[in-house]
$ cat coords.cif   # mmCIF, C-alpha atoms
data_my_file
#
loop_
_atom_site.label_atom_id
_atom_site.label_comp_id
_atom_site.auth_asym_id
_atom_site.auth_seq_id
_atom_site.Cartn_x
_atom_site.Cartn_y
_atom_site.Cartn_z
CA MET A 1 170.12 87.56 113.15
CA VAL A 2 171.58 86.23 116.39
CA GLY A 3 173.98 83.35 116.86
CA GLY A 4 175.02 81.07 114.06
CA ILE A 5 178.52 80.28 112.82
CA VAL A 6 180.65 81.13 109.81
CA ARG A 7 182.76 78.25 108.52
CA ALA A 8 184.40 76.94 105.38
CA ALA A 9 182.08 75.12 103.01
CA ILE A 10 182.58 71.37 102.73
CA GLN A 11 181.55 68.85 100.11
CA GLY A 12 178.70 67.69 102.33
CA ASP A 13 177.11 71.15 101.94
CA GLN A 14 176.61 70.63 98.22
CA ASN A 15 172.85 70.01 98.29
CA GLN A 16 172.08 72.96 100.57
CA ILE A 17 174.34 75.23 98.50
CA ASP A 18 172.68 74.11 95.26
CA THR A 19 169.24 74.88 96.71
CA LEU A 20 170.32 78.26 98.05
CA ILE A 21 171.83 79.35 94.74
CA GLU A 22 168.82 78.22 92.75
CA LYS A 23 166.07 79.30 95.16
CA GLY A 24 167.62 81.86 97.50
CA TYR A 25 165.81 85.18 97.90
CA LEU A 26 168.89 87.25 97.03
CA VAL A 27 171.56 85.76 94.79
CA HIS A 28 174.63 87.26 93.12
CA ARG A 29 176.37 84.98 90.62
CA HIS A 30 179.53 86.01 88.82
CA LEU A 31 179.16 85.30 85.12
CA ASP A 32 182.04 83.11 84.05
CA TRP A 33 182.70 79.65 82.66
CA ARG A 34 182.06 77.83 85.94
CA ARG A 35 178.94 77.41 88.02
CA PRO A 36 179.42 78.87 91.52
CA GLN A 37 179.23 75.35 92.99
CA GLU A 38 182.36 74.40 91.07
CA TRP A 39 184.39 76.66 93.37
CA LEU A 40 183.38 74.62 96.42
CA ASN A 41 186.88 73.26 97.00
CA SER A 42 188.55 76.66 96.54
CA ASP A 43 189.20 79.03 99.48
CA PRO A 44 187.60 81.16 100.69
CA PHE A 45 184.14 79.62 100.19
CA LEU A 46 182.23 80.35 103.39
CA VAL A 47 178.79 79.47 104.71
CA PHE A 48 176.72 81.07 107.45
CA GLU A 49 174.91 78.33 109.31
CA MET A 50 172.21 78.37 111.99
CA ASN A 51 170.92 75.21 113.67
CA GLY A 52 172.46 73.06 110.97
CA LYS A 53 170.83 75.05 108.16
CA ILE A 54 172.87 77.16 105.73
CA GLU A 55 171.36 80.63 105.61
CA ALA A 56 173.88 82.39 103.35
CA ILE A 57 177.10 81.76 101.38
CA MET A 58 179.98 83.80 99.98
CA ALA A 59 182.82 82.62 97.74
CA CYS A 60 185.80 84.78 96.68
CA PRO A 61 188.55 82.39 95.52
CA SER A 62 191.62 83.94 93.92
CA GLU A 63 192.23 83.32 90.22
CA PRO A 64 194.71 84.55 89.18
CA PRO A 65 196.59 84.86 92.51
CA GLY A 66 195.82 88.17 94.16
CA ILE A 67 192.57 88.74 92.24
CA ALA A 68 189.46 87.39 93.95
CA TRP A 69 186.21 87.81 92.04
CA MET A 70 183.15 87.34 94.23
CA ARG A 71 181.84 84.21 92.52
CA VAL A 72 178.68 83.99 94.56
CA PHE A 73 176.78 85.56 97.43
CA ALA A 74 173.38 84.19 98.31
CA SER A 75 171.02 84.73 101.23
CA ARG A 76 167.94 82.74 102.13
CA ASP A 77 165.84 85.79 103.04
CA TRP A 78 165.72 89.58 102.84
CA MET A 79 165.21 90.26 106.53
CA HIS A 80 168.64 88.99 107.59
CA VAL A 81 170.68 89.64 104.46
CA GLU A 82 172.74 92.52 105.89
CA ALA A 83 173.70 90.60 109.03
CA ALA A 84 174.58 87.52 106.97
CA TRP A 85 176.67 89.65 104.60
CA GLN A 86 178.57 91.27 107.47
CA ARG A 87 179.40 87.92 109.05
CA LEU A 88 180.54 86.36 105.78
CA TRP A 89 182.45 89.45 104.60
CA SER A 90 184.25 89.60 107.96
CA GLY A 91 185.26 85.96 107.53
CA THR A 92 186.43 86.63 103.98
CA THR A 93 188.59 89.61 104.97
CA GLN A 94 190.09 87.61 107.84
CA TYR A 95 191.02 84.86 105.40
CA PHE A 96 192.89 87.24 103.09
CA GLU A 97 194.50 89.12 105.99
CA SER A 98 195.94 85.86 107.31
CA HIS A 99 197.21 84.82 103.88
CA ALA A 100 198.78 87.02 101.20
CA GLY A 101 196.06 89.66 100.97
CA GLY A 102 194.17 90.27 97.75
CA LYS A 103 191.86 92.44 95.71
CA VAL A 104 188.20 91.41 95.92
CA VAL A 105 186.24 92.44 92.82
CA VAL A 106 182.50 92.37 92.12
CA ILE A 107 180.46 93.18 89.03
CA SER A 108 177.23 94.36 90.64
CA MET A 109 174.04 93.94 88.66
CA GLN A 110 171.53 94.54 91.47
CA MET A 111 170.87 97.60 93.61
CA TRP A 112 170.68 95.64 96.87
CA LEU A 113 174.21 94.43 96.21
CA HIS A 114 175.38 97.98 95.38
CA GLU A 115 174.31 99.08 98.87
CA LEU A 116 175.99 96.18 100.67
CA LEU A 117 179.23 96.82 98.80
CA ARG A 118 179.22 100.54 99.51
CA LYS A 119 178.52 99.99 103.21
CA SER A 120 181.46 97.58 103.37
CA GLY A 121 183.89 100.13 101.92
CA PHE A 122 184.09 98.93 98.30
CA HIS A 123 184.68 101.61 95.67
CA ILE A 124 183.77 101.68 91.99
CA ARG A 125 186.75 101.01 89.72
CA GLN A 126 185.00 101.28 86.34
CA GLU A 127 181.84 100.16 84.56
CA ILE A 128 180.99 97.33 82.20
CA LEU A 129 179.23 98.63 79.08
CA MET A 130 176.82 96.53 77.01
CA LEU A 131 176.83 96.70 73.20
CA ASN A 132 174.95 94.93 70.43
CA ARG A 133 174.91 94.66 66.66
CA SER A 134 172.34 93.51 64.16
CA LEU A 135 173.58 90.77 61.86
CA LEU A 136 172.26 92.61 58.82
CA ASN A 137 174.69 94.52 56.59
CA LEU A 138 177.82 92.72 57.73
CA PRO A 139 181.13 94.56 57.42
CA LYS A 140 183.56 93.61 54.69
CA SER A 141 186.02 91.09 56.04
CA GLU A 142 189.54 92.39 56.47
CA THR A 143 192.44 90.22 55.39
CA HIS A 144 196.13 89.95 56.14
CA PRO A 145 198.41 88.17 53.66
CA ASP A 146 200.21 86.19 56.37
CA VAL A 147 197.41 85.60 58.89
CA THR A 148 194.72 82.94 58.76
CA ILE A 149 191.61 82.41 60.90
CA ARG A 150 190.62 78.86 61.88
CA LYS A 151 188.71 77.07 64.62
CA MET A 152 190.45 76.83 67.97
CA GLU A 153 191.79 73.44 69.02
CA TYR A 154 192.72 72.27 72.51
CA SER A 155 196.38 72.35 71.49
CA ASP A 156 196.01 76.13 70.90
CA LEU A 157 195.00 76.85 74.49
CA PRO A 158 198.49 77.43 76.02
CA GLN A 159 199.30 80.02 73.36
CA ALA A 160 195.83 81.54 73.66
CA ALA A 161 196.41 81.93 77.41
CA GLU A 162 199.76 83.63 76.70
CA THR A 163 198.00 85.97 74.26
CA ASP A 164 195.37 86.74 76.89
CA ALA A 165 197.98 87.52 79.56
CA ALA A 166 199.80 89.88 77.19
CA ALA A 167 196.61 91.63 76.05
CA PHE A 168 194.94 92.30 79.42
CA ASN A 169 195.98 93.53 82.84
CA LEU A 170 195.89 91.02 85.68
CA LEU A 171 192.33 91.84 86.74
CA TRP A 172 190.82 90.78 83.43
CA GLN A 173 193.06 87.89 82.40
CA ASN A 174 191.71 84.44 81.60
CA SER A 175 193.84 81.60 82.95
CA LEU A 176 194.66 78.47 80.98
CA GLU A 177 192.24 76.53 83.19
CA THR A 178 189.49 79.05 82.43
CA LEU A 179 190.09 78.70 78.70
CA ARG A 180 190.01 74.91 79.01
CA ARG A 181 186.55 75.21 80.54
CA ALA A 182 185.39 77.82 78.04
CA LEU A 183 186.23 75.98 74.83
CA PRO A 184 183.64 73.17 75.08
CA GLN A 185 180.95 75.73 76.00
CA ALA A 186 181.63 77.92 72.97
CA SER A 187 179.41 78.02 69.91
CA LEU A 188 182.43 79.31 68.00
CA ALA A 189 186.04 79.73 69.10
CA THR A 190 188.63 80.81 66.56
CA VAL A 191 192.31 81.74 66.47
CA ALA A 192 194.35 84.04 64.27
CA ILE A 193 197.53 82.25 63.18
CA PHE A 194 200.80 83.76 61.96
CA LYS A 195 203.55 81.30 61.01
CA GLY A 196 202.00 78.59 63.17
CA ARG A 197 201.58 80.79 66.25
CA VAL A 198 198.41 82.10 67.90
CA ILE A 199 198.43 85.90 67.77
CA GLY A 200 194.76 86.43 68.59
CA TYR A 201 191.59 84.56 69.47
CA GLN A 202 187.89 84.92 70.16
CA ILE A 203 185.39 82.79 72.06
CA SER A 204 181.65 83.26 71.58
CA THR A 205 178.48 81.65 72.87
CA SER A 206 174.88 81.41 71.76
CA ASN A 207 171.97 82.93 73.65
CA PRO A 208 168.25 83.60 73.08
CA VAL A 209 169.11 86.87 71.31
CA GLY A 210 171.57 85.22 68.96
CA GLY A 211 175.22 85.28 69.97
CA HIS A 212 177.57 86.81 72.51
CA LEU A 213 181.24 87.63 71.93
CA ALA A 214 182.59 86.54 75.29
CA ARG A 215 186.32 87.07 74.70
CA LEU A 216 188.54 88.79 72.15
CA ALA A 217 192.30 89.12 72.58
CA VAL A 218 195.19 90.05 70.29
CA LEU A 219 198.89 90.20 71.11
CA PRO A 220 199.91 93.84 71.73
CA GLU A 221 202.46 93.83 68.88
CA TRP A 222 199.70 92.80 66.46
CA GLN A 223 197.09 95.27 67.64
CA GLY A 224 196.11 97.95 65.12
CA GLN A 225 196.77 95.63 62.16
CA GLY A 226 193.21 94.43 61.62
CA ILE A 227 193.51 91.10 63.43
CA ALA A 228 190.65 91.79 65.86
CA SER A 229 188.48 92.95 62.95
CA MET A 230 189.25 89.73 61.07
CA LEU A 231 188.25 87.62 64.06
CA VAL A 232 185.03 89.54 64.65
CA ALA A 233 184.03 89.67 60.98
CA ASN A 234 184.52 85.90 60.78
CA LEU A 235 182.33 85.48 63.87
CA LEU A 236 179.57 87.74 62.49
CA GLY A 237 179.46 85.75 59.27
CA PHE A 238 179.25 82.48 61.19
CA MET A 239 176.45 83.71 63.47
CA ALA A 240 174.47 85.10 60.54
CA GLY A 241 174.83 81.75 58.80
CA GLN A 242 173.37 80.09 61.90
CA GLY A 243 170.27 82.28 61.65
CA ALA A 244 171.13 84.58 64.56
CA GLN A 245 169.62 88.07 64.45
CA MET A 246 171.93 89.92 66.81
CA ILE A 247 175.24 89.62 68.62
CA THR A 248 176.16 91.20 71.94
CA VAL A 249 179.44 92.07 73.63
CA ASN A 250 180.57 93.99 76.68
CA THR A 251 183.68 95.97 77.47
CA GLN A 252 185.14 98.18 80.18
CA SER A 253 184.17 101.84 80.21
CA ASP A 254 187.83 102.93 80.28
CA ASN A 255 188.93 100.66 77.41
CA GLN A 256 188.82 103.23 74.63
CA VAL A 257 190.63 101.02 72.11
CA SER A 258 187.99 98.32 72.50
CA ARG A 259 185.11 100.79 72.34
CA LEU A 260 186.46 102.33 69.11
CA LEU A 261 186.96 98.90 67.56
CA TYR A 262 183.39 97.81 68.26
CA LYS A 263 182.02 101.12 67.01
CA LYS A 264 183.98 100.67 63.77
CA LEU A 265 182.48 97.19 63.39
CA GLY A 266 178.92 98.47 63.80
CA PHE A 267 178.24 97.74 67.46
CA ILE A 268 176.09 100.20 69.38
CA GLU A 269 176.35 100.93 73.10
CA THR A 270 172.95 100.16 74.59
CA GLY A 271 173.24 102.46 77.61
CA GLU A 272 173.09 99.48 79.94
CA LYS A 273 176.06 99.40 82.29
CA PHE A 274 177.13 97.76 85.52
CA PRO A 275 179.66 99.02 88.08
CA VAL A 276 182.79 97.07 88.94
CA PHE A 277 183.46 97.37 92.69
CA GLU A 278 186.78 96.51 94.31
CA PHE A 279 188.26 96.27 97.79
CA ASP A 280 191.96 95.85 98.61
CA ILE A 281 192.80 93.65 101.60
CA GLN A 282 196.29 93.87 103.02
CA PRO A 283 197.87 90.91 104.82
CA ILE A 284 198.48 91.23 108.55
CA LYS A 285 202.21 91.12 109.27
CA HIS A 286 203.15 88.88 112.14
#

$ encode --input "coords.cif" --output "structure tokens"
Amino acid sequence: MVGGIVRAAIQGDQNQIDTLIEKGYLVHRHLDWRRPQEWLNSDPFLVFEMNGKIEAIMACPSEPPGIAWMRVFASRDWMHVEAAWQRLWSGTTQYFESHAGGKVVVISMQMWLHELLRKSGFHIRQEILMLNRSLLNLPKSETHPDVTIRKMEYSDLPQAAETDAAAFNLLWQNSLETLRRALPQASLATVAIFKGRVIGYQISTSNPVGGHLARLAVLPEWQGQGIASMLVANLLGFMAGQGAQMITVNTQSDNQVSRLLYKKLGFIETGEKFPVFEFDIQPIKH
């Protein structure tokens, strides 16, 4: 691939970007609560353009600050994908070098992406493990005399975000804005309440298999007291009542507490796993 320019995406690129994401030959999309196009006004969102035609895109906006998940990479064809990647990745690193730096993170689900990441100096941090559970033979619901489970309301979101920040390290935290976007997409979102305060929550979605537990968080001081089990048992009962046959969840390979919890609740690791690649970019000091 010769020539062409790398530039920031603009609103006028929307149609070409939509087409590339939906019909591009090679497409990586980060699975979160926003479509890749919704990051269009967030930097860095770069396009590689030749003769007025967008050939490839890459978006790695930071949220939270300092953590930049690769929200999308898409290339129009296989023949020029490596050259397009190199041009866009160079532009992305230059952006972070000229700002405050950052950690770029990618959950890679395709071998072609594995190779591009390795060639660019990314290293594997951990793996995402997939688990599932039949909705037959549900576990007995745990109870706590002072804790109740109810549906999440929009007014719960600030406390849910505080719970999330306390429960996870920066890389895996969900921001308040992310939770605001997640709630209307959930098939069930519930909170654990102690004396009027959110001490834990879960957000789940529906899929062709049945259901997916997308997020589970409990304040550290309440962990080990059955709160997570209460939230999950409540979810399993709800999904079974909706006629679902199975529920899925994923967790990090190095999160032993989470893995033990899901095993206790009857989830089985499927053997399917995806590497989490990361790359640290230091700012250039002037």

$ resolve_selection --input "coords.cif" --expression "the PyMOL selection byres ((chain A and resi 226-237) around 10)" --output "VMD selection string"
chain A and resid 133 to 136 138 to 144 147 to 150 188 to 193 199 to 204 211 to 213 216 to 219 222 to 225 238 to 242 244 246 to 247 258 261 to 262 264 to 265

$ residues_near_point --input "coords.cif" --point "(177.7, 100.4, 79.9)" --cutoff "10 Å" --atoms "only C-alpha atoms" --output "MDAnalysis selection string"
chainID A and resid 126:131 250:253 269:275

$ closest_residue --input "coords.cif" --among "A:Trp69, A:Trp85, A:Trp33, A:Trp78" --to "Ile57 (chain A)" --atoms "all atoms listed in the file"
A:Trp85

$ residues_around --input "coords.cif" --residues "Gln16 (chain A)" --least-positions-apart "4" --cutoff "9 Å" --atoms "all atoms listed in the file" --output "ChimeraX atom specification"
/A:12,20-21,53-54

$ residues_around --input "coords.cif" --residues "Ser98 (chain A)" --least-positions-apart "4" --cutoff "9 Å" --atoms "all atoms listed in the file" --output "NGL selection string"
:A and (93-94 or 283-285)

$ closest_residue --input "coords.cif" --among "A:Val104, A:Ala165, A:Val276, A:Ile124" --to "Met58 (chain A)" --atoms "all atoms listed in the file"
A:Val104

$ resolve_selection --input "coords.cif" --expression "the PyMOL selection byres ((chain A and resi 56) around 6)" --output "list in words"
Val47, Phe48, Ile54, Glu55, Ile57, Ala74 and Ser75 of chain A

$ write_last_selection --input "coords.cif" --atoms "C-alpha atoms" --output "PDB file, keeping the file's coordinate frame"
ATOM      1  CA  VAL A  47     178.790  79.470 104.710  1.00  0.00           C
ATOM      2  CA  PHE A  48     176.720  81.070 107.450  1.00  0.00           C
ATOM      3  CA  ILE A  54     172.870  77.160 105.730  1.00  0.00           C
ATOM      4  CA  GLU A  55     171.360  80.630 105.610  1.00  0.00           C
ATOM      5  CA  ILE A  57     177.100  81.760 101.380  1.00  0.00           C
ATOM      6  CA  ALA A  74     173.380  84.190  98.310  1.00  0.00           C
ATOM      7  CA  SER A  75     171.020  84.730 101.230  1.00  0.00           C
TER       8      SER A  75
END

$ atom_distance --input "coords.cif" --atom1 "CA of Lys119 (chain A)" --atom2 "CA of Phe73 (chain A)"
15.6 Å

$ closest_residue --input "coords.cif" --among "A:Met50, A:Gln282, A:Arg125, A:Ile5" --to "Tyr95 (chain A)" --atoms "all atoms listed in the file"
A:Gln282

$ closest_residue --input "coords.cif" --among "A:Leu183, A:Asn137, A:Asn15, A:Leu171" --to "Met152 (chain A)" --atoms "only C-alpha atoms"
A:Leu183

$ residues_around --input "coords.cif" --residues "His28 (chain A)" --least-positions-apart "6" --cutoff "9 Å" --atoms "all atoms listed in the file" --output "VMD selection string"
chain A and resid 21 70 to 74 108 to 110 113

$ atom_distance --input "coords.cif" --atom1 "CA of Ala8 (chain A)" --atom2 "CA of Ala182 (chain A)"
27.4 Å
